[in-house]
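Undergrad: Handing you a structure now.
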Amino acid sequence: MAISGFNQLANRIASTADTISTTAQTINAFNRGLGSGGNLMNTVASIGRGAQTVSNTVTAAQAFLGGSTRGNLGSSIRMFGNASQGVRFNAAPPDPMVKRAIVSNSVNPNFDGGDWRVSISVPPEIQGGPILAPLTMEGGNSKMVFPFNPTILLGHSANYSPITPTHTNYAYNAYQNSQVDNITITGEFYNENENDAKYWVAVLHFLRSVTKMFYGDSNPQGNPPPVCRLNGYGPHVLSNIPIVVTNFTTDLPADVDYIECTVPGASKRDLVPVQSQFTVTVMPQYSRRSTAKFNLQQFANGDFTTGTEGFV
């Protein structure tokens, strides 16, 4: 008898929660049309979410009290967990409003270290064309920015040559040199509109350009591919590191949609995948003059983070 009364109470609370949630959604749509009244909408929506949480809790208790198998017990425990986290019926989110990611030119202008996104600078020798124009940032700087945090593989090596005299138990390791290994950066690119597509085309064209030398009629003729600068995550992680791009790959998936875009000055349109991945392999490239000024004590103290050369 007690279980039956409890079930009736659960059904009534669930029905009331559904009614309040429906009312909240109606007021939400009405307020969006008027452009005002947000406080009223938030209040009613909060009541609906609270009532729904109560309904979920009671339903979980109902299943727990009425269940006689281990399967029912497991379902009841999961329902209690969902109710405590505000998960609604059918796993509906508490806030049904649509969210959209917006990639801006500055992640956080109040961040003390400036723009901390991972980026590769565009050398001045190849700037100025309409295809690479989307890479121009606020302030006139041009750089390829990974719009979402990429996966970066860093490595450092100290190389030793073993010296193995005859009739010895242990080899003697003679130091040869140290080096910074190639850095591999893998980042996702999502294109939602034509501007995103133009940026994707600019990134592809930029990586194609920096992996080529100044051949033929180029100026200055015969020079190797230009040196770029790698930055990201603050002065003590990746800061103004001189690099050359040794390899890059991207994919053109067959199972995604493609967006059309028109590069300024072009007569035909390009098609860009809505989702793809760029993998860029770069190699630190320091000049002999800059490495001659290297000081290990200053490097260990972090003094090089304020200099013009980004030792890593």
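Letters A, B, ... go to the chains of the structure tokens in the order shown; residues in each chain start at 1; ligands are counted from 1 in the same order.
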When you look at Lys212 (chain A) with a cut-off of 8 Å (counting only C-alpha atoms), what residues show up, excluding the ones that are within fewer than 2 positions of it in the same chain? I need them as a list of chain:residue names.
TA: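 The filter keeps A:Arg208, A:Ser209, A:Val210, A:Phe214, A:Pro224, A:Pro225.
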Undergrad: Please provide as a ChimeraX atom specification all residues within 9 Å of region 288-296 of chain A, with the sequence filter that same-chain residues fewer than 5 positions apart are discarded (counting only C-alpha atoms).
TA: /A:301,304,309,311
Undergrad: Could you turn the residues from that selection into a file that holds all heavy atoms, as a short mmCIF file (atom, residue, chain, number, x, y, z; two decimals), in the first residue's frame?
TA:
data_model
loop_
_atom_site.label_atom_id
_atom_site.label_comp_id
_atom_site.auth_asym_id
_atom_site.auth_seq_id
_atom_site.Cartn_x
_atom_site.Cartn_y
_atom_site.Cartn_z
N ASN A 301 68.26 29.75 -15.35
CA ASN A 301 67.58 30.78 -14.56
C ASN A 301 66.37 31.37 -15.28
O ASN A 301 65.61 32.14 -14.68
CB ASN A 301 68.55 31.91 -14.20
CG ASN A 301 69.62 31.46 -13.22
OD1 ASN A 301 69.43 30.51 -12.46
ND2 ASN A 301 70.77 32.12 -13.26
N PHE A 304 66.66 33.73 -20.71
CA PHE A 304 66.51 33.82 -22.15
C PHE A 304 65.06 34.04 -22.59
O PHE A 304 64.81 34.28 -23.77
CB PHE A 304 67.05 32.54 -22.82
CG PHE A 304 68.54 32.52 -22.94
CD1 PHE A 304 69.32 31.73 -22.11
CD2 PHE A 304 69.18 33.32 -23.88
CE1 PHE A 304 70.69 31.71 -22.22
CE2 PHE A 304 70.56 33.30 -24.00
CZ PHE A 304 71.32 32.50 -23.17
N GLU A 309 65.96 35.79 -29.01
CA GLU A 309 66.09 34.43 -29.51
C GLU A 309 65.44 33.46 -28.56
O GLU A 309 65.74 33.45 -27.35
CB GLU A 309 67.57 34.08 -29.69
CG GLU A 309 67.82 32.84 -30.52
CD GLU A 309 67.46 33.04 -31.98
OE1 GLU A 309 66.26 33.08 -32.28
OE2 GLU A 309 68.38 33.20 -32.81
N PHE A 311 65.41 30.27 -27.13
CA PHE A 311 66.05 28.98 -26.89
C PHE A 311 65.08 28.07 -26.13
O PHE A 311 64.35 28.51 -25.26
CB PHE A 311 67.33 29.17 -26.06
CG PHE A 311 68.47 29.77 -26.82
CD1 PHE A 311 68.85 31.08 -26.63
CD2 PHE A 311 69.15 29.00 -27.77
CE1 PHE A 311 69.90 31.63 -27.34
CE2 PHE A 311 70.20 29.56 -28.50
CZ PHE A 311 70.57 30.87 -28.28
#
Undergrad: Quick one: residues within 7 Å of region 258-265 of chain A, only C-alpha atoms, excluding same-chain residues fewer than 5 positions away - as a PDB file with N, CA, C and O atoms, in the first residue's frame?
TA:
ATOM      1  N   PRO A 130      46.794  37.778 -51.614  1.00  0.00           N
ATOM      2  CA  PRO A 130      45.399  37.672 -51.183  1.00  0.00           C
ATOM      3  C   PRO A 130      45.068  36.328 -50.562  1.00  0.00           C
ATOM      4  O   PRO A 130      44.177  36.237 -49.712  1.00  0.00           O
ATOM      5  N   ILE A 131      45.786  35.264 -50.954  1.00  0.00           N
ATOM      6  CA  ILE A 131      45.467  33.942 -50.395  1.00  0.00           C
ATOM      7  C   ILE A 131      45.844  33.874 -48.919  1.00  0.00           C
ATOM      8  O   ILE A 131      45.125  33.299 -48.097  1.00  0.00           O
ATOM      9  N   GLU A 194      32.107  30.458 -44.739  1.00  0.00           N
ATOM     10  CA  GLU A 194      33.056  30.765 -45.815  1.00  0.00           C
ATOM     11  C   GLU A 194      34.347  31.361 -45.273  1.00  0.00           C
ATOM     12  O   GLU A 194      35.435  31.089 -45.793  1.00  0.00           O
ATOM     13  N   ALA A 197      36.505  28.636 -44.152  1.00  0.00           N
ATOM     14  CA  ALA A 197      37.045  27.927 -45.317  1.00  0.00           C
ATOM     15  C   ALA A 197      38.223  28.688 -45.931  1.00  0.00           C
ATOM     16  O   ALA A 197      39.231  28.084 -46.327  1.00  0.00           O
ATOM     17  N   LYS A 198      38.105  30.026 -46.014  1.00  0.00           N
ATOM     18  CA  LYS A 198      39.215  30.828 -46.541  1.00  0.00           C
ATOM     19  C   LYS A 198      40.450  30.699 -45.645  1.00  0.00           C
ATOM     20  O   LYS A 198      41.587  30.668 -46.131  1.00  0.00           O
ATOM     21  N   ASP A 270      36.616  27.396 -54.334  1.00  0.00           N
ATOM     22  CA  ASP A 270      37.265  26.225 -53.750  1.00  0.00           C
ATOM     23  C   ASP A 270      36.279  25.498 -52.842  1.00  0.00           C
ATOM     24  O   ASP A 270      35.341  26.107 -52.309  1.00  0.00           O
ATOM     25  N   LEU A 271      36.531  24.226 -52.633  1.00  0.00           N
ATOM     26  CA  LEU A 271      35.736  23.407 -51.717  1.00  0.00           C
ATOM     27  C   LEU A 271      36.628  22.950 -50.577  1.00  0.00           C
ATOM     28  O   LEU A 271      37.720  22.413 -50.804  1.00  0.00           O
ATOM     29  N   VAL A 272      36.148  23.152 -49.356  1.00  0.00           N
ATOM     30  CA  VAL A 272      36.939  22.890 -48.161  1.00  0.00           C
ATOM     31  C   VAL A 272      36.156  21.948 -47.244  1.00  0.00           C
ATOM     32  O   VAL A 272      34.949  22.140 -47.044  1.00  0.00           O
ATOM     33  N   PRO A 273      36.794  20.932 -46.660  1.00  0.00           N
ATOM     34  CA  PRO A 273      36.074  20.026 -45.754  1.00  0.00           C
ATOM     35  C   PRO A 273      35.690  20.727 -44.463  1.00  0.00           C
ATOM     36  O   PRO A 273      36.427  21.575 -43.964  1.00  0.00           O
ATOM     37  N   VAL A 274      34.539  20.369 -43.917  1.00  0.00           N
ATOM     38  CA  VAL A 274      34.092  20.989 -42.666  1.00  0.00           C
ATOM     39  C   VAL A 274      34.917  20.517 -41.480  1.00  0.00           C
ATOM     40  O   VAL A 274      34.924  21.161 -40.425  1.00  0.00           O
TER      41      VAL A 274
END
Undergrad: Could you jot down the CA of Ile243 (chain A) to CA of Gly155 (chain A) separation for me, Å, one decimal place?
TA: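 Result for CA of Ile243 (chain A) versus CA of Gly155 (chain A): 14.5 Å, one decimal.
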Undergrad: Please report the interatomic distance between CA of Asp196 (chain A) and CA of Gln275 (chain A) in Å with one decimal.
TA: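 Computed distance, CA of Asp196 (chain A) to CA of Gln275 (chain A), equals 10.7 Å.
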